[in-house]
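**Q** This is data.cif (mmCIF, C-alpha atoms and all ligand atoms).
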```cif
data_upload
#
loop_
_atom_site.label_atom_id
_atom_site.label_comp_id
_atom_site.auth_asym_id
_atom_site.auth_seq_id
_atom_site.Cartn_x
_atom_site.Cartn_y
_atom_site.Cartn_z
CA MET S 19 0.00 0.00 0.00
CA LYS S 20 1.29 3.41 -0.96
CA THR S 21 0.51 6.52 1.11
CA TYR S 22 1.36 10.14 0.48
CA ILE S 23 0.37 13.64 1.56
CA PHE S 24 -2.46 14.61 -0.80
CA ASP S 25 -2.88 18.24 0.23
CA LYS S 26 -3.50 20.54 3.19
CA LEU S 27 -6.77 21.99 4.46
CA PRO S 28 -6.87 25.81 4.76
CA ASP S 29 -6.28 25.41 8.53
CA GLY S 30 -3.04 23.53 7.83
CA ARG S 31 -4.19 20.00 8.61
CA GLU S 32 -2.64 17.49 6.25
CA VAL S 33 -4.80 15.18 4.15
CA THR S 34 -3.25 11.79 3.42
CA ALA S 35 -3.97 9.56 0.41
CA TYR S 36 -3.89 5.74 0.60
CA GLU S 37 -3.78 3.46 -2.40
CA ILE S 38 -5.14 -0.07 -2.42
CA GLY S 39 -5.61 -2.24 -5.45
CA SER S 40 -5.29 -5.27 -7.65
CA GLU S 41 -4.36 -5.73 -11.30
CA THR S 42 -7.88 -4.74 -12.35
CA LEU S 43 -8.81 -2.07 -9.82
CA GLY S 44 -6.95 0.69 -8.00
CA ALA S 45 -8.55 2.92 -5.38
CA THR S 46 -7.11 6.09 -3.83
CA ILE S 47 -8.82 6.97 -0.56
CA LEU S 48 -8.38 10.13 1.53
CA ASN S 49 -8.50 10.23 5.32
CA TYR S 50 -10.59 13.42 4.92
CA GLY S 51 -14.23 12.37 4.39
CA GLY S 52 -13.11 8.83 3.53
CA ILE S 53 -13.25 10.18 -0.02
CA ILE S 54 -12.57 7.82 -2.92
CA GLN S 55 -10.46 10.28 -4.89
CA LYS S 56 -9.61 7.93 -7.74
CA LEU S 57 -10.96 4.58 -8.92
CA LEU S 58 -8.97 3.05 -11.73
CA TYR S 59 -10.67 0.27 -13.65
CA LYS S 60 -8.27 -1.40 -16.07
CA GLY S 61 -6.23 1.81 -15.91
CA THR S 62 -9.09 4.28 -16.57
CA ASP S 63 -10.35 6.59 -13.83
CA ILE S 64 -14.13 6.11 -13.46
CA ILE S 65 -14.93 8.31 -10.46
CA GLY S 66 -15.63 12.03 -10.10
CA GLY S 67 -13.25 14.03 -7.93
CA TYR S 68 -10.59 16.69 -7.67
CA ASP S 69 -6.82 17.09 -7.79
CA LYS S 70 -6.81 19.40 -4.77
CA ILE S 71 -8.71 19.38 -1.51
CA GLU S 72 -10.05 22.83 -2.42
CA GLY S 73 -12.32 21.19 -5.00
CA TYR S 74 -13.99 19.07 -2.33
CA LEU S 75 -14.45 22.15 -0.13
CA VAL S 76 -15.93 24.49 -2.75
CA SER S 77 -18.21 22.00 -4.48
CA ASP S 78 -21.29 20.73 -2.67
CA GLY S 79 -21.64 17.41 -4.46
CA TYR S 80 -20.21 15.08 -1.78
CA GLN S 81 -17.91 13.63 -4.47
CA GLY S 82 -16.79 10.11 -3.51
CA ALA S 83 -17.33 10.78 0.19
CA LEU S 84 -18.66 8.77 3.10
CA ILE S 85 -22.09 10.00 4.15
CA GLY S 86 -23.47 9.89 7.69
CA ARG S 87 -24.87 9.86 10.32
CA TYR S 88 -27.99 9.78 8.15
CA ALA S 89 -27.61 9.60 4.37
CA ASN S 90 -30.27 11.33 2.26
CA ARG S 91 -33.07 13.53 3.60
CA ILE S 92 -34.91 13.96 6.88
CA ARG S 93 -38.11 15.96 6.41
CA GLY S 94 -38.35 19.33 8.15
CA ALA S 95 -34.92 18.61 9.66
CA LYS S 96 -36.46 16.96 12.72
CA PHE S 97 -37.56 13.60 14.08
CA THR S 98 -38.97 12.21 17.32
CA LEU S 99 -37.34 9.22 18.95
CA ASN S 100 -38.33 7.61 22.29
CA GLY S 101 -40.67 10.59 22.93
CA VAL S 102 -37.97 13.25 22.43
CA GLU S 103 -37.98 15.64 19.49
CA TYR S 104 -34.58 16.26 17.90
CA ARG S 105 -33.99 19.29 15.68
CA LEU S 106 -31.28 19.00 13.07
CA ALA S 107 -29.60 21.46 10.72
CA ALA S 108 -31.80 22.24 7.69
CA ASN S 109 -28.74 22.28 5.43
CA GLU S 110 -30.88 21.65 2.36
CA GLU S 111 -32.29 25.12 2.95
CA ALA S 112 -34.66 25.57 0.02
CA ARG S 113 -36.53 22.37 0.93
CA GLY S 114 -36.18 22.70 4.71
CA ASN S 115 -34.59 19.26 4.91
CA HIS S 116 -31.64 17.83 6.74
CA LEU S 117 -29.38 16.30 4.05
CA HIS S 118 -26.49 13.82 4.28
CA GLY S 119 -25.74 14.29 7.97
CA GLY S 120 -25.93 18.07 8.27
CA MET S 121 -23.41 20.92 8.33
CA GLU S 122 -20.47 18.71 9.14
CA GLY S 123 -21.31 15.19 8.11
CA TYR S 124 -18.93 12.25 7.80
CA ASP S 125 -17.79 13.66 4.44
CA LYS S 126 -16.05 16.48 6.33
CA LYS S 127 -14.46 14.43 9.12
CA PHE S 128 -10.92 13.21 9.52
CA TRP S 129 -10.92 9.44 9.82
CA ALA S 130 -8.25 7.31 11.51
CA VAL S 131 -6.87 4.89 8.91
CA GLU S 132 -5.23 1.51 9.05
CA GLY S 133 -4.30 -0.65 6.06
CA LYS S 134 -3.97 -4.40 5.80
CA THR S 135 -3.40 -7.04 3.15
CA ASP S 136 -4.58 -10.64 3.41
CA CYS S 137 -5.57 -13.47 1.11
CA ASP S 138 -8.85 -11.62 0.40
CA GLY S 139 -7.05 -8.61 -1.04
CA GLU S 140 -6.11 -5.15 0.17
CA HIS S 141 -8.18 -3.38 2.78
CA LEU S 142 -8.32 0.07 4.31
CA VAL S 143 -10.07 0.40 7.66
CA LEU S 144 -11.32 3.87 8.59
CA THR S 145 -12.65 4.63 12.06
CA LEU S 146 -14.43 7.57 13.64
CA THR S 147 -16.03 8.35 16.97
CA ASP S 148 -19.12 10.46 16.36
CA PRO S 149 -19.91 12.02 19.75
CA ASP S 150 -23.29 12.27 21.50
CA GLY S 151 -25.03 15.49 20.46
CA ASN S 152 -22.93 16.00 17.33
CA GLU S 153 -25.22 17.60 14.70
CA ASN S 154 -27.83 17.18 17.49
CA TYR S 155 -28.14 13.40 17.05
CA PRO S 156 -28.37 11.28 20.22
CA GLY S 157 -25.65 8.83 21.23
CA THR S 158 -21.95 8.36 20.70
CA VAL S 159 -21.43 6.13 17.67
CA SER S 160 -18.25 4.18 16.96
CA VAL S 161 -18.04 3.88 13.21
CA ARG S 162 -15.83 1.61 11.16
CA VAL S 163 -15.68 1.53 7.37
CA THR S 164 -13.65 -1.01 5.41
CA TYR S 165 -12.76 -0.40 1.79
CA SER S 166 -11.55 -3.59 0.08
CA VAL S 167 -10.19 -4.43 -3.33
CA CYS S 168 -9.93 -8.05 -4.34
CA GLY S 169 -9.51 -8.85 -8.04
CA ALA S 170 -12.37 -7.05 -9.79
CA ASP S 171 -14.36 -6.50 -6.55
CA PHE S 172 -14.48 -3.18 -4.75
CA SER S 173 -16.46 -3.19 -1.52
CA ILE S 174 -17.40 -0.88 1.30
CA ARG S 175 -18.43 -2.37 4.64
CA TYR S 176 -20.10 -0.06 7.14
CA GLU S 177 -20.10 -1.09 10.81
CA ALA S 178 -21.25 0.89 13.83
CA VAL S 179 -22.35 0.66 17.44
CA SER S 180 -24.12 3.41 19.41
CA ASP S 181 -24.57 3.86 23.16
CA LYS S 182 -28.07 5.37 22.64
CA ASP S 183 -30.82 4.74 20.09
CA THR S 184 -30.14 6.90 17.03
CA PRO S 185 -31.06 7.18 13.36
CA PHE S 186 -28.21 5.66 11.39
CA ASN S 187 -27.84 5.21 7.65
CA MET S 188 -24.46 5.33 5.94
CA THR S 189 -23.56 5.35 2.28
CA ASN S 190 -20.88 6.50 -0.11
CA HIS S 191 -21.49 9.24 -2.65
CA ALA S 192 -19.33 7.96 -5.52
CA TYR S 193 -20.11 9.51 -8.92
CA LEU S 194 -19.22 6.77 -11.39
CA ASN S 195 -18.98 6.76 -15.15
CA MET S 196 -18.41 3.46 -16.91
CA ASN S 197 -17.21 5.35 -20.00
CA GLY S 198 -14.45 6.75 -17.79
CA ILE S 199 -14.88 10.02 -15.91
CA ALA S 200 -13.12 11.84 -18.76
CA GLY S 201 -15.48 10.15 -21.24
CA ASP S 202 -18.93 10.98 -22.40
CA THR S 203 -22.09 11.66 -20.38
CA ILE S 204 -24.15 8.68 -19.25
CA TYR S 205 -26.62 9.11 -22.16
CA ASN S 206 -25.19 6.16 -24.14
CA GLU S 207 -24.90 3.85 -21.12
CA THR S 208 -27.40 1.36 -19.71
CA LEU S 209 -28.67 0.62 -16.23
CA MET S 210 -30.66 -2.20 -14.71
CA ILE S 211 -32.11 -1.67 -11.24
CA ASN S 212 -33.50 -4.78 -9.63
CA ALA S 213 -36.52 -3.05 -8.10
CA ASP S 214 -40.28 -3.52 -8.50
CA GLU S 215 -41.01 -0.55 -6.25
CA MET S 216 -39.73 2.95 -5.67
CA SER S 217 -40.47 5.92 -3.42
CA LYS S 218 -42.80 8.49 -4.89
CA VAL S 219 -41.67 11.90 -3.62
CA ASP S 220 -43.24 15.27 -2.88
CA GLU S 221 -41.84 18.60 -4.08
CA ASN S 222 -39.20 18.49 -1.32
CA LEU S 223 -38.03 15.03 -2.47
CA ILE S 224 -39.49 13.38 0.63
CA PRO S 225 -41.10 9.97 0.05
CA VAL S 226 -44.89 10.00 0.26
CA ALA S 227 -45.65 6.48 -1.00
CA LYS S 228 -44.09 3.23 -2.08
CA VAL S 229 -45.30 2.65 -5.66
CA PRO S 230 -44.73 0.06 -8.42
CA VAL S 231 -42.27 1.06 -11.16
CA GLU S 232 -44.28 -0.80 -13.77
CA GLY S 233 -45.50 1.44 -16.56
CA THR S 234 -43.35 4.40 -15.44
CA PRO S 235 -39.99 5.81 -16.65
CA PHE S 236 -38.58 4.32 -13.43
CA ASP S 237 -38.93 0.74 -14.62
CA PHE S 238 -35.29 -0.39 -14.89
CA ARG S 239 -35.96 -4.08 -14.34
CA THR S 240 -34.44 -4.83 -17.71
CA PRO S 241 -31.36 -2.85 -18.82
CA LYS S 242 -32.40 0.53 -20.13
CA LEU S 243 -30.58 3.26 -22.02
CA LEU S 244 -29.97 6.32 -19.82
CA SER S 245 -30.90 8.57 -22.72
CA ARG S 246 -31.22 12.32 -22.62
CA GLU S 247 -34.92 11.86 -23.52
CA LEU S 248 -35.42 9.70 -20.44
CA MET S 249 -33.61 12.15 -18.13
CA PHE S 250 -35.70 15.08 -19.33
CA CYS S 251 -38.96 13.24 -19.94
CA ASP S 252 -42.32 14.76 -19.20
CA ASP S 253 -43.11 12.88 -16.01
CA GLU S 254 -44.30 14.46 -12.78
CA GLN S 255 -41.85 12.46 -10.60
CA MET S 256 -38.95 13.14 -12.94
CA GLN S 257 -39.70 16.85 -12.77
CA LYS S 258 -39.88 16.82 -8.97
CA GLY S 259 -36.40 15.31 -8.88
CA GLN S 260 -35.18 17.64 -11.62
CA GLY S 261 -34.20 14.40 -13.30
CA LEU S 262 -33.49 10.97 -11.88
CA ASP S 263 -32.96 11.27 -8.14
CA HIS S 264 -35.11 8.54 -6.60
CA ASN S 265 -35.11 5.73 -4.10
CA PHE S 266 -35.64 2.14 -5.26
CA TYR S 267 -36.56 -0.89 -3.12
CA ILE S 268 -34.23 -3.74 -4.08
CA SER S 269 -35.83 -7.10 -4.86
CA ALA S 270 -33.95 -9.80 -2.99
CA ASP S 271 -34.42 -12.47 -5.67
CA GLU S 272 -30.80 -12.82 -6.77
CA ALA S 273 -27.89 -12.89 -4.38
CA THR S 274 -24.18 -13.55 -4.00
CA LEU S 275 -22.14 -14.64 -1.00
CA TYR S 276 -19.41 -12.15 -0.14
CA GLN S 277 -17.25 -12.00 3.01
CA GLY S 278 -19.70 -14.44 4.60
CA LYS S 279 -22.75 -12.29 3.85
CA LYS S 280 -25.65 -12.73 1.47
CA LEU S 281 -25.88 -9.63 -0.71
CA ALA S 282 -28.76 -8.98 -3.14
CA LYS S 283 -28.18 -7.95 -6.72
CA ALA S 284 -29.26 -4.31 -6.82
CA ALA S 285 -28.10 -2.93 -10.17
CA VAL S 286 -26.05 -3.53 -13.30
CA TYR S 287 -24.46 -0.47 -14.87
CA THR S 288 -22.83 -0.82 -18.31
CA GLY S 289 -20.67 1.61 -20.29
CA ALA S 290 -17.89 1.50 -22.85
CA LEU S 291 -15.43 0.02 -20.33
CA GLY S 292 -17.67 -2.87 -19.30
CA ALA S 293 -20.26 -3.71 -16.67
CA LEU S 294 -20.44 -3.09 -12.97
CA THR S 295 -22.84 -5.05 -10.77
CA LEU S 296 -23.86 -3.65 -7.42
CA TYR S 297 -24.76 -6.01 -4.57
CA THR S 298 -25.88 -5.02 -1.10
CA ASP S 299 -27.67 -6.13 2.07
CA LYS S 300 -29.25 -2.67 2.44
CA PRO S 301 -32.93 -2.55 1.43
CA CYS S 302 -32.70 0.39 -0.98
CA VAL S 303 -30.60 2.28 -3.47
CA GLN S 304 -30.80 5.95 -4.48
CA PHE S 305 -30.18 6.44 -8.17
CA TYR S 306 -29.00 10.01 -8.62
CA ALA S 307 -28.02 10.98 -12.17
CA ALA S 308 -25.77 13.91 -11.15
CA ASN S 309 -28.45 16.43 -12.13
CA PHE S 310 -26.59 19.25 -10.41
CA MET S 311 -23.05 18.30 -11.36
CA GLU S 312 -22.12 21.63 -12.87
CA GLY S 313 -19.90 24.49 -11.83
CA ALA S 314 -16.77 26.38 -12.63
CA TYR S 315 -14.41 24.34 -10.48
CA PRO S 316 -12.98 21.57 -12.72
CA PHE S 317 -12.56 17.90 -11.95
CA LYS S 318 -9.21 16.13 -11.99
CA GLY S 319 -6.95 17.13 -14.86
CA GLY S 320 -9.13 20.16 -15.67
CA LEU S 321 -12.17 18.15 -16.75
CA VAL S 322 -15.39 20.09 -17.07
CA ARG S 323 -18.16 18.94 -14.71
CA ARG S 324 -21.29 18.22 -16.68
CA ARG S 325 -24.87 17.46 -15.79
CA ASN S 326 -25.35 13.68 -16.19
CA GLY S 327 -21.59 13.25 -16.55
CA ALA S 328 -21.72 10.39 -13.99
CA LEU S 329 -24.21 8.64 -11.72
CA CYS S 330 -24.51 7.67 -8.08
CA LEU S 331 -25.89 4.38 -6.78
CA GLU S 332 -26.19 5.05 -3.06
CA THR S 333 -27.12 1.97 -1.02
CA GLN S 334 -29.30 3.09 1.88
CA PHE S 335 -32.43 2.85 3.99
CA ALA S 336 -35.27 4.80 2.39
CA PRO S 337 -35.08 8.60 2.84
CA ASP S 338 -36.76 10.16 5.89
CA GLY S 339 -36.74 6.81 7.73
CA PRO S 340 -36.62 8.35 11.24
CA ASN S 341 -40.03 9.98 10.62
CA ARG S 342 -41.50 6.55 9.90
CA GLY S 343 -39.77 4.83 12.83
CA GLU S 344 -37.28 3.19 10.44
CA ALA S 345 -33.48 3.10 10.22
CA ILE S 346 -32.97 3.35 13.98
CA LEU S 347 -29.81 1.81 15.36
CA ARG S 348 -30.69 0.61 18.85
CA ALA S 349 -28.19 1.09 21.70
CA GLY S 350 -25.71 -1.77 21.74
CA ASP S 351 -26.91 -3.31 18.45
CA LYS S 352 -24.45 -3.87 15.66
CA TYR S 353 -24.92 -2.00 12.38
CA ASP S 354 -23.23 -3.98 9.61
CA TYR S 355 -23.95 -3.45 5.91
CA THR S 356 -21.95 -3.89 2.74
CA ALA S 357 -21.96 -2.47 -0.77
CA LEU S 358 -20.08 -4.57 -3.31
CA PHE S 359 -19.19 -3.09 -6.70
CA ARG S 360 -18.29 -6.13 -8.80
CA PHE S 361 -16.65 -5.25 -12.12
CA ASP S 362 -16.23 -7.44 -15.19
CA ASP S 363 -12.85 -9.07 -14.97
C1 LIG S 401 -29.40 13.42 -3.49
C2 LIG S 401 -29.50 14.61 -4.44
C3 LIG S 401 -28.51 15.64 -4.03
C4 LIG S 401 -27.15 15.03 -3.99
C5 LIG S 401 -26.15 16.02 -3.46
C6 LIG S 401 -28.02 12.88 -3.57
O1 LIG S 401 -27.88 11.81 -2.72
O2 LIG S 401 -30.36 12.43 -3.77
O3 LIG S 401 -30.79 15.14 -4.43
O4 LIG S 401 -28.54 16.75 -4.87
O5 LIG S 401 -27.13 13.90 -3.18
O6 LIG S 401 -25.00 15.89 -4.12
#
```
Give the structure from this file in structure tokens form.
**A**
Amino acid sequence: MKTYIFDKLPDGREVTAYEIGSETLGATILNYGGIIQKLLYKGTDIIGGYDKIEGYLVSDGYQGALIGRYANRIRGAKFTLNGVEYRLAANEEARGNHLHGGMEGYDKKFWAVEGKTDCDGEHLVLTLTDPDGNENYPGTVSVRVTYSVCGADFSIRYEAVSDKDTPFNMTNHAYLNMNGIAGDTIYNETLMINADEMSKVDENLIPVAKVPVEGTPFDFRTPKLLSRELMFCDDEQMQKGQGLDHNFYISADEATLYQGKKLAKAAVYTGALGALTLYTDKPCVQFYAANFMEGAYPFKGGLVRRRNGALCLETQFAPDGPNRGEAILRAGDKYDYTALFRFDD
């Protein structure tokens, strides 16, 4: 494993980069935000990101970062748990929502890092203690994330234990492009999402109902072209999301065994470089088509950031879970979920 100083934060703190990999896949991870800064598939970089830490600070896209304590939205930036109302930061101001953990989510934390190599590949273990009351959430949570590369498999395992009941829902916000991040938009790529149902959302992107995908533009049960026409189609849900930005309930009909766990096949994403299959034991995945990926600050190597220039497949519990009594990590219980990105070899 190679490590080097990636950059410095404006306050002088050093950000370190760690490289793990195999012949097929190489990942560069930062201790700041647990950010996947580079993901080389057969030598081509397929992930959005920046050359300098400044890019991650000025852009609000959560590029490649770990997301927590609660990924996605919490309506009205509040929830009630065990009879107590908790008020969170409404950092998605226009919609009044709490988004991706608040003002200083896991994407902005320094993580302690430890690397190891064994017969199952190369692993990077990141740990964080998220104190009681941080971002107004209850309970001190000990969080552990393991990034692994083994052959053509890239996985992220999220483990946590809390000393009080708390909402908990982690993901990673990787923007992937299977044409290569320097390649085309996603318009000539295909996606299959193994989901019969999705969350219908209101104007603030908060789920209001679980509905069948059948007969809608959200039916990805067989591989579908991510065409421009689809992204901009005249559909009420598509317009609410300003494009594809929706939660899908994964059907658990096909599975693989990985690191001793049964993971369901969630999606297959295919571009010019090949196919990527996503497996997880989380119940849902957010498909976000990078509808807001624009701005003056360039990506790595001066690349222009373009709307629909990549996509995110964020494994998760459904958005706004705490307001439906879902996605609560009980004191002393073990949180343990995995996302496996299995590439063609
Ligand atoms: C959300 C988008 C949001 C993006 C922020 C995604 O997880 O679903 O609505 O704009 O994160 O980069």
**Q** Around ligand LIG 401 (chain S), at most 9 Å away and counting only C-alpha atoms and all ligand atoms, which residues are there? Put them as a VMD selection string, please.
**A** chain S and resid 78 to 81 89 to 91 117 to 118 191 223 259 to 260 262 to 265 304 to 311 330 to 332 337
**Q** In Å to one decimal, how far is atom CA of S:Ala192 from atom CA of S:Ser217?
**A**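 These two atoms are separated by 21.3 Å.
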**Q** I'd like the contact shell of S:Gly51 - 6 Å cut-off, all atoms listed in the file, skipping same-chain residues fewer than 3 positions apart - returned as a PyMOL selection string.
**A** chain S and resi 83-84+124-127
**Q** Closest to S:Val131 among S:Ala349, S:Cys302, S:Val33, S:Leu194, using only C-alpha atoms?
**A** S:Val33
**Q** List the neighbours of S:Met19 out to 7 Å using only C-alpha atoms; skip same-chain residues closer than 5 positions along the sequence, and give me the result as a ChimeraX atom specification.
**A** /S:36-38
**Q** Between S:Leu144, S:Met249, S:Leu57, S:Leu106, which one has atoms that come closest to S:Phe172, using all atoms listed in the file?
**A**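 Between S:Leu144, S:Met249, S:Leu57, S:Leu106, the residue approaching S:Phe172 most closely is S:Leu57.
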**Q** Fewer than 5 positions away in the same chain doesn't count, so skip those; otherwise give me all residues within 9 Å of stretch 70-72 of chain S, counting all atoms listed in the file, as a PyMOL selection string.
**A** chain S and resi 24-28+33+50+77+318
